[in-house]
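J.: Dropping the structure in here first, questions after.
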Amino acid sequence: MSEKKNEGLSFTRLFASFLQSESCSLALACNLPAGLAIVGRQKEGKVMFQQTGQGDICSVAAGSDGTLWSAEKNFLWKWENMTQTGGYKVNDGRLYAPRLRIFTSDLGTRDMAVDGRGELLMACGAYSAVGRASNDASFEVVWKPPFITKLVREDRCGLSGIGLFDKERHCVTLWGRSDKADGWRENFNGGGCVTLMHDSSTYGEGLCLPRAPRWRGTDLYLLNAGTAEFGKIDPASKRFVPVCQCPGYPTGLSFSGRWAVISISAEPPEGTAGLDLPAKEIFAARRAPAFSGILLVDMMTGDIAHHAYSESDKFFVHGVAVLAGAPQAMALGPDSEKLDPLVTVPRRKR
């Protein structure tokens, strides 16, 4: 049973209970007109779906300090928690406002992560590298696979995700090992892998369009987008162990307590047009077309306990981030008139 449709997403009855029990909101990377969207709780307990209308967002990431980052085709946006820096109060949550806009050009950003120092790292798929923002360039290279011989916009290996834990377990997902333009497409089904950044060794293999690697304790979970599965890597065999089948193409992954939060999309991953993805046969066999939305997977059972979905075939969700400790978060887009009075001034040094 579902609540009344709410501006692009409908939520199952107990979705609000998840937000309350976990004391969190969700930030979604959506296409326009939604852009960056926030899912939180209203005071009366219902789910709120707020659209900022800011950009065609391809990725989103949250820092432990309360900051929020979003990426669109040519820009990075840093969103600041005004309840922390500006002293503004918004019920039991946060009020995000855009603080910084960085021109990057089109890096093909498929995933982002914030490290322990608060530095943003990007999976720059178009350039087959992990990068960070730069003051005098589109990005600064942090790491690239050793077999990539030239930094050019050719999406050679399908670099698609970043997973951060400790220095020896920072990792990336690749759609295939190749050093030529779009070379990953030649062996995408089974050629995907997980590579550790510190020594470029292989941690997982035999994957089909892997993305969004996330460490949970000592276990590495990820999305096998080509088969529309969520699962983890068995370090002994380096093989993928499915946890559940997704009813859409999985795009983003985050965790909150016992829950895995997964964003799914009705459309295959960008750049995969013309590929015969196994997920297409899976959806056809179930006679259930893929849809866009959010899945809440109970990690104790592996079941999809709650979800949100869109009935529109033009609404897509490209990523998700958990905003911990903020069940009633809100965000104001850069064109919002409500930004006018949100002025912060430097704090006086004593």
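Every chain in the structure tokens takes a letter, A first, then B, and so on in the order presented; its residues are numbered from 1, and the ligands are numbered from 1 following the presented order.
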Excluding same-chain residues fewer than 3 positions from Glu72 of chain A, what lies within 7 Å of it counting only C-alpha atoms, as JSON, numbers by chain?
T.: {"A": [55, 56, 57, 58, 75, 76]}
J.: Which residues of segment 119-237 of chain A come within 6 Å of segment 269-280 of chain A, and what is each one's closest atom pair and distance in Å (one decimal), counting only C-alpha atoms, sorted by chain and residue number, as a Markdown table?
T.:
```
| residue | atom | partner | partner_atom | distance |
| --- | --- | --- | --- | --- |
| A:Gly226 | CA | A:Leu277 | CA | 5.5 |
| A:Thr227 | CA | A:Ala279 | CA | 4.4 |
| A:Ala228 | CA | A:Ala279 | CA | 5.6 |
```
J.: Hey, can you spit out that residue selection with N, CA and C atoms as a PDB file, in the first residue's frame?
T.:
```
ATOM      1  N   GLY A 226      24.890  -4.208 -14.549  1.00  0.00           N
ATOM      2  CA  GLY A 226      24.534  -4.932 -15.755  1.00  0.00           C
ATOM      3  C   GLY A 226      23.585  -6.079 -15.528  1.00  0.00           C
ATOM      4  N   THR A 227      23.581  -6.623 -14.301  1.00  0.00           N
ATOM      5  CA  THR A 227      22.645  -7.690 -13.937  1.00  0.00           C
ATOM      6  C   THR A 227      21.588  -7.193 -12.964  1.00  0.00           C
ATOM      7  N   ALA A 228      21.630  -5.899 -12.639  1.00  0.00           N
ATOM      8  CA  ALA A 228      20.680  -5.269 -11.715  1.00  0.00           C
ATOM      9  C   ALA A 228      20.676  -5.966 -10.362  1.00  0.00           C
TER      10      ALA A 228
END
```
J.: Using only C-alpha atoms, which residue out of A:Gly35, A:Gly40, A:Gly108, A:Gly118 lies closest to Ser17 of chain A?
T.: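 With only C-alpha atoms as the atom set, the closest residue is A:Gly40.
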J.: Given only C-alpha atoms as the basis, pick out the residue of A:Ala133, A:Cys246, A:Ala123, A:Ala97 nearest to Arg211 of chain A.
T.: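 Looking at the shortest contact to Arg211 of chain A, the residue is A:Ala123.
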J.: Give me the segment 273-333 of chain A side of the contact with segment 98-105 of chain A, cut-off 10 Å, one line per residue showing its nearest atom pair and distance in Å at one decimal, counting only C-alpha atoms, sorted by chain and residue number, as CSV.
T.:
```
residue,atom,partner,partner_atom,distance
A:Ala331,CA,A:Pro98,CA,8.5
A:Leu332,CA,A:Pro98,CA,7.5
A:Gly333,CA,A:Pro98,CA,7.0
```
J.: How would the residues just chosen look if you wrote them out with N, CA and C atoms as an mmCIF file, in the first residue's frame?
T.:
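Full text of selection_36.cif as output:
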```cif
data_model
loop_
_atom_site.group_PDB
_atom_site.id
_atom_site.type_symbol
_atom_site.label_atom_id
_atom_site.label_comp_id
_atom_site.auth_asym_id
_atom_site.auth_seq_id
_atom_site.Cartn_x
_atom_site.Cartn_y
_atom_site.Cartn_z
ATOM 1 N N ALA A 331 16.689 21.761 1.276
ATOM 2 C CA ALA A 331 17.701 22.420 0.457
ATOM 3 C C ALA A 331 17.036 23.483 -0.405
ATOM 4 N N LEU A 332 17.748 24.571 -0.617
ATOM 5 C CA LEU A 332 17.270 25.657 -1.460
ATOM 6 C C LEU A 332 18.132 25.730 -2.708
ATOM 7 N N GLY A 333 17.504 25.680 -3.887
ATOM 8 C CA GLY A 333 18.234 25.772 -5.130
ATOM 9 C C GLY A 333 18.821 27.156 -5.336
#
```
J.: As a list in words, please: the residues near segment 298-308 of chain A (cut-off 6 Å, only C-alpha atoms, same-chain neighbours under 5 positions excluded).
T.: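 Once the adjacent positions are removed, what remains is Ser10, Phe11, Thr12, Phe15, Val243, Arg258, Trp259 and Gly293 of chain A.
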J.: Could you check the closest approach to Ser256 of chain A for each of A:Met112, A:Ala29, A:Val194, A:Leu19 and tell me which residue wins, using only C-alpha atoms?
T.: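 Answer, going by the shortest atom-to-atom distance: A:Leu19.
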J.: Determine, counting only C-alpha atoms, which protein, DNA and RNA residues have an atom within 12 Å of an atom of Phe188 of chain A; residues of the same chain fewer than 3 positions away are not included. Present the result as a ChimeraX atom specification.
T.: /A:156-158,174-178,182-185,191-193,205-210,224-227,271-272,275-278
J.: Applying 12 Å and only C-alpha atoms, which residues near segment 151-153 of chain A remain after dropping the ones on its own chain fewer than 2 positions away? List them as a PyMOL selection string.
T.: chain A and resi 105-109+124-131+139-141+143-149+155-158+179-182
J.: My list of candidates is A:Pro334, A:Gly45, A:Gly319, A:Pro33. Which is closest to Phe18 of chain A when distances are computed with only C-alpha atoms?
T.: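 Closest candidate: A:Gly45.
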J.: To one decimal in Å, tell me the separation between atom CA of Gln54 of chain A and atom CA of Ala321 of chain A.
T.: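 Taking atom CA of Gln54 of chain A and atom CA of Ala321 of chain A, their separation equals 16.5 Å.
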J.: Excluding Arg117 of chain A and any residue of its chain fewer than 3 positions from it, enumerate the residues within 12 Å of it, using only C-alpha atoms, and give them as a list in words.
T.: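 Residues meeting the cut-off are Gly63, Ser64, Asp65, Ala113, Val114, Leu120, Leu121 and Leu164 of chain A.
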J.: Could those residues be written to a file, using C-alpha atoms, as a JSON list (two decimals), in the first residue's frame?
T.:
```
[["chain", "number", "residue", "atom", "x", "y", "z"],
["A", 63, "GLY", "CA", 30.70, 14.52, 4.13],
["A", 64, "SER", "CA", 30.88, 13.67, 7.82],
["A", 65, "ASP", "CA", 31.03, 17.40, 8.59],
["A", 113, "ALA", "CA", 33.20, 10.19, -2.15],
["A", 114, "VAL", "CA", 34.41, 12.44, 0.66],
["A", 120, "LEU", "CA", 36.01, 15.30, -2.42],
["A", 121, "LEU", "CA", 37.16, 12.59, -4.81],
["A", 164, "LEU", "CA", 36.95, 4.70, 0.75]]
```
J.: I'd like the contact shell of Arg286 of chain A - 12 Å cut-off, only C-alpha atoms, skipping same-chain residues fewer than 3 positions apart - returned as a list of chain:residue names.
T.: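 Returned residues: A:Gln245, A:Cys246, A:Pro247, A:Gly248, A:Ala279, A:Lys280, A:Glu281, A:Ile282, A:Phe283, A:Pro289, A:Ala290.
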J.: Check segment 136-350 of chain A with DSSP on the backbone and list each residue it calls helix (DSSP H, G or I), as a ChimeraX atom specification.
T.: /A:167-169,183-191,225-227,278-286,337-339
J.: Write a file of the selected residues as a PDB file, in the first residue's frame, keeping C-alpha atoms.
T.:
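Everything below was put into again.pdb:
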```pdb
ATOM      1  CA  LYS A 167      44.572   3.771   2.811  1.00  0.00           C
ATOM      2  CA  GLU A 168      45.068   0.123   1.909  1.00  0.00           C
ATOM      3  CA  ARG A 169      41.426  -0.466   1.050  1.00  0.00           C
ATOM      4  CA  GLY A 183      37.560  -0.441 -24.931  1.00  0.00           C
ATOM      5  CA  TRP A 184      35.666  -1.652 -21.862  1.00  0.00           C
ATOM      6  CA  ARG A 185      32.650  -2.308 -24.120  1.00  0.00           C
ATOM      7  CA  GLU A 186      34.395  -5.287 -25.734  1.00  0.00           C
ATOM      8  CA  ASN A 187      34.185  -7.397 -22.571  1.00  0.00           C
ATOM      9  CA  PHE A 188      31.672  -5.605 -20.353  1.00  0.00           C
ATOM     10  CA  ASN A 189      29.837  -8.780 -19.282  1.00  0.00           C
ATOM     11  CA  GLY A 190      32.336 -10.422 -16.957  1.00  0.00           C
ATOM     12  CA  GLY A 191      35.160  -7.993 -17.587  1.00  0.00           C
ATOM     13  CA  ALA A 225      24.420  -2.735 -12.655  1.00  0.00           C
ATOM     14  CA  GLY A 226      24.534  -4.932 -15.755  1.00  0.00           C
ATOM     15  CA  THR A 227      22.645  -7.690 -13.937  1.00  0.00           C
ATOM     16  CA  PRO A 278      21.670  -9.322 -18.874  1.00  0.00           C
ATOM     17  CA  ALA A 279      19.323  -7.151 -16.806  1.00  0.00           C
ATOM     18  CA  LYS A 280      17.128  -6.579 -19.849  1.00  0.00           C
ATOM     19  CA  GLU A 281      16.339 -10.305 -20.033  1.00  0.00           C
ATOM     20  CA  ILE A 282      15.744 -10.430 -16.281  1.00  0.00           C
ATOM     21  CA  PHE A 283      13.181  -7.623 -16.413  1.00  0.00           C
ATOM     22  CA  ALA A 284      11.516  -9.198 -19.455  1.00  0.00           C
ATOM     23  CA  ALA A 285      11.279 -12.609 -17.755  1.00  0.00           C
ATOM     24  CA  ARG A 286       9.598 -11.009 -14.755  1.00  0.00           C
ATOM     25  CA  GLU A 337      14.226  33.698  -3.527  1.00  0.00           C
ATOM     26  CA  LYS A 338      14.506  32.267  -0.022  1.00  0.00           C
ATOM     27  CA  LEU A 339      18.295  32.502  -0.336  1.00  0.00           C
TER      28      LEU A 339
END
```
J.: Go through A:Leu95, A:Ala27, A:Val241, A:Ala260 and flag the residue nearest Val317 of chain A, using only C-alpha atoms for the distances.
T.: A:Ala27
J.: Please identify the strand (DSSP E) residues within segment 197-296 of chain A (assignment by DSSP from backbone atoms) and present them as a VMD selection string.
T.: chain A and resid 202 to 208 210 to 216 219 to 224 229 to 234 239 to 245 249 to 256 259 to 265 293 to 296
J.: Write the residues of the selection above to a file with N, CA and C atoms, as a compact mmCIF listing (two decimals), in the first residue's frame.
T.:
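Saved to part-v6.txt:
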```txt
# COMPACT_ATOMS: atom_id res chain seq x y z
N THR A 202 43.85 -6.59 -7.91
CA THR A 202 42.44 -6.91 -8.15
C THR A 202 41.81 -7.48 -6.89
N TYR A 203 40.70 -6.86 -6.44
CA TYR A 203 40.00 -7.34 -5.25
C TYR A 203 38.75 -8.13 -5.64
N GLY A 204 38.15 -7.79 -6.77
CA GLY A 204 36.97 -8.49 -7.26
C GLY A 204 36.97 -8.52 -8.77
N GLU A 205 36.38 -9.57 -9.36
CA GLU A 205 36.38 -9.70 -10.82
C GLU A 205 35.16 -10.46 -11.29
N GLY A 206 35.01 -10.59 -12.61
CA GLY A 206 33.87 -11.30 -13.17
C GLY A 206 32.58 -10.51 -13.11
N LEU A 207 32.66 -9.18 -13.06
CA LEU A 207 31.49 -8.33 -12.86
C LEU A 207 30.96 -7.77 -14.17
N CYS A 208 29.73 -7.25 -14.11
CA CYS A 208 29.09 -6.66 -15.28
C CYS A 208 28.62 -5.25 -14.92
N PRO A 210 30.04 -2.92 -12.80
CA PRO A 210 30.02 -2.64 -11.35
C PRO A 210 30.10 -1.15 -11.08
N ARG A 211 29.53 -0.73 -9.96
CA ARG A 211 29.59 0.68 -9.58
C ARG A 211 29.30 0.82 -8.10
N ALA A 212 29.56 2.03 -7.57
CA ALA A 212 29.27 2.39 -6.19
C ALA A 212 29.80 1.39 -5.17
N PRO A 213 31.12 1.12 -5.14
CA PRO A 213 31.67 0.23 -4.11
C PRO A 213 31.62 0.93 -2.75
N ARG A 214 31.15 0.23 -1.73
CA ARG A 214 31.04 0.81 -0.39
C ARG A 214 31.46 -0.22 0.65
N TRP A 215 32.38 0.19 1.51
CA TRP A 215 32.80 -0.68 2.61
C TRP A 215 31.81 -0.59 3.75
N ARG A 216 31.45 -1.74 4.29
CA ARG A 216 30.62 -1.83 5.50
C ARG A 216 31.36 -2.76 6.45
N ASP A 219 33.56 -5.74 4.92
CA ASP A 219 32.92 -6.27 3.72
C ASP A 219 32.76 -5.18 2.68
N LEU A 220 33.05 -5.51 1.43
CA LEU A 220 32.88 -4.57 0.33
C LEU A 220 31.61 -4.92 -0.45
N TYR A 221 30.65 -4.00 -0.40
CA TYR A 221 29.40 -4.15 -1.15
C TYR A 221 29.46 -3.26 -2.38
N LEU A 222 28.70 -3.63 -3.40
CA LEU A 222 28.64 -2.82 -4.61
C LEU A 222 27.40 -3.18 -5.41
N LEU A 223 27.22 -2.46 -6.51
CA LEU A 223 26.10 -2.68 -7.41
C LEU A 223 26.64 -3.29 -8.69
N ASN A 224 26.07 -4.40 -9.10
CA ASN A 224 26.41 -5.01 -10.39
C ASN A 224 25.31 -4.58 -11.36
N GLU A 229 21.88 -6.18 -9.81
CA GLU A 229 22.00 -6.86 -8.52
C GLU A 229 22.79 -6.01 -7.53
N PHE A 230 22.46 -6.20 -6.25
CA PHE A 230 23.21 -5.65 -5.13
C PHE A 230 23.84 -6.81 -4.40
N GLY A 231 25.13 -6.68 -4.07
CA GLY A 231 25.80 -7.77 -3.39
C GLY A 231 27.15 -7.36 -2.86
N LYS A 232 27.96 -8.35 -2.53
CA LYS A 232 29.28 -8.07 -1.97
C LYS A 232 30.33 -8.96 -2.63
N ILE A 233 31.58 -8.62 -2.39
CA ILE A 233 32.71 -9.38 -2.94
C ILE A 233 33.21 -10.37 -1.89
N ASP A 234 33.35 -11.62 -2.30
CA ASP A 234 34.00 -12.62 -1.47
C ASP A 234 35.51 -12.48 -1.70
N ARG A 239 34.91 -13.21 -6.19
CA ARG A 239 33.68 -13.24 -6.96
C ARG A 239 32.57 -12.47 -6.27
N PHE A 240 31.58 -12.11 -7.05
CA PHE A 240 30.43 -11.35 -6.58
C PHE A 240 29.40 -12.29 -5.97
N VAL A 241 28.93 -11.95 -4.77
CA VAL A 241 27.89 -12.73 -4.08
C VAL A 241 26.64 -11.87 -3.98
N PRO A 242 25.59 -12.19 -4.73
CA PRO A 242 24.38 -11.35 -4.72
C PRO A 242 23.67 -11.37 -3.38
N VAL A 243 23.12 -10.21 -3.02
CA VAL A 243 22.25 -10.09 -1.84
C VAL A 243 20.79 -10.02 -2.28
N CYS A 244 20.52 -9.20 -3.31
CA CYS A 244 19.16 -9.12 -3.81
C CYS A 244 19.14 -8.63 -5.25
N GLN A 245 18.04 -8.94 -5.93
CA GLN A 245 17.80 -8.46 -7.29
C GLN A 245 17.06 -7.13 -7.20
N TYR A 249 17.72 -0.52 -12.75
CA TYR A 249 19.18 -0.50 -12.85
C TYR A 249 19.75 0.25 -11.65
N PRO A 250 20.52 -0.42 -10.78
CA PRO A 250 21.05 0.26 -9.58
C PRO A 250 22.11 1.29 -9.94
N THR A 251 22.02 2.45 -9.30
CA THR A 251 22.90 3.56 -9.64
C THR A 251 23.72 4.08 -8.47
N GLY A 252 23.18 4.02 -7.25
CA GLY A 252 23.87 4.57 -6.09
C GLY A 252 23.64 3.73 -4.86
N LEU A 253 24.58 3.79 -3.92
CA LEU A 253 24.51 2.95 -2.72
C LEU A 253 25.04 3.71 -1.52
N SER A 254 24.31 3.59 -0.41
CA SER A 254 24.75 4.17 0.86
C SER A 254 24.20 3.27 1.97
N PHE A 255 24.70 3.46 3.20
CA PHE A 255 24.25 2.64 4.32
C PHE A 255 23.82 3.52 5.48
N SER A 256 22.84 3.02 6.23
CA SER A 256 22.42 3.64 7.47
C SER A 256 22.00 2.54 8.43
N TRP A 259 20.45 -0.86 7.29
CA TRP A 259 19.82 -0.67 5.99
C TRP A 259 20.83 -0.30 4.91
N ALA A 260 20.65 -0.92 3.74
CA ALA A 260 21.33 -0.48 2.52
C ALA A 260 20.33 0.38 1.75
N VAL A 261 20.76 1.56 1.37
CA VAL A 261 19.90 2.49 0.62
C VAL A 261 20.41 2.52 -0.82
N ILE A 262 19.58 2.10 -1.75
CA ILE A 262 19.98 1.95 -3.14
C ILE A 262 19.09 2.79 -4.04
N SER A 263 19.69 3.59 -4.89
CA SER A 263 18.92 4.30 -5.91
C SER A 263 18.89 3.45 -7.17
N ILE A 264 17.75 3.44 -7.85
CA ILE A 264 17.61 2.67 -9.08
C ILE A 264 17.01 3.56 -10.17
N SER A 265 17.25 3.19 -11.41
CA SER A 265 16.77 3.98 -12.53
C SER A 265 16.12 3.08 -13.57
N GLY A 293 13.64 4.88 -8.61
CA GLY A 293 13.23 5.10 -7.23
C GLY A 293 14.32 4.80 -6.23
N ILE A 294 13.92 4.38 -5.04
CA ILE A 294 14.83 4.09 -3.93
C ILE A 294 14.43 2.75 -3.32
N LEU A 295 15.42 1.93 -2.98
CA LEU A 295 15.19 0.67 -2.28
C LEU A 295 15.83 0.73 -0.91
N LEU A 296 15.13 0.21 0.09
CA LEU A 296 15.69 0.04 1.43
C LEU A 296 15.80 -1.46 1.70
```
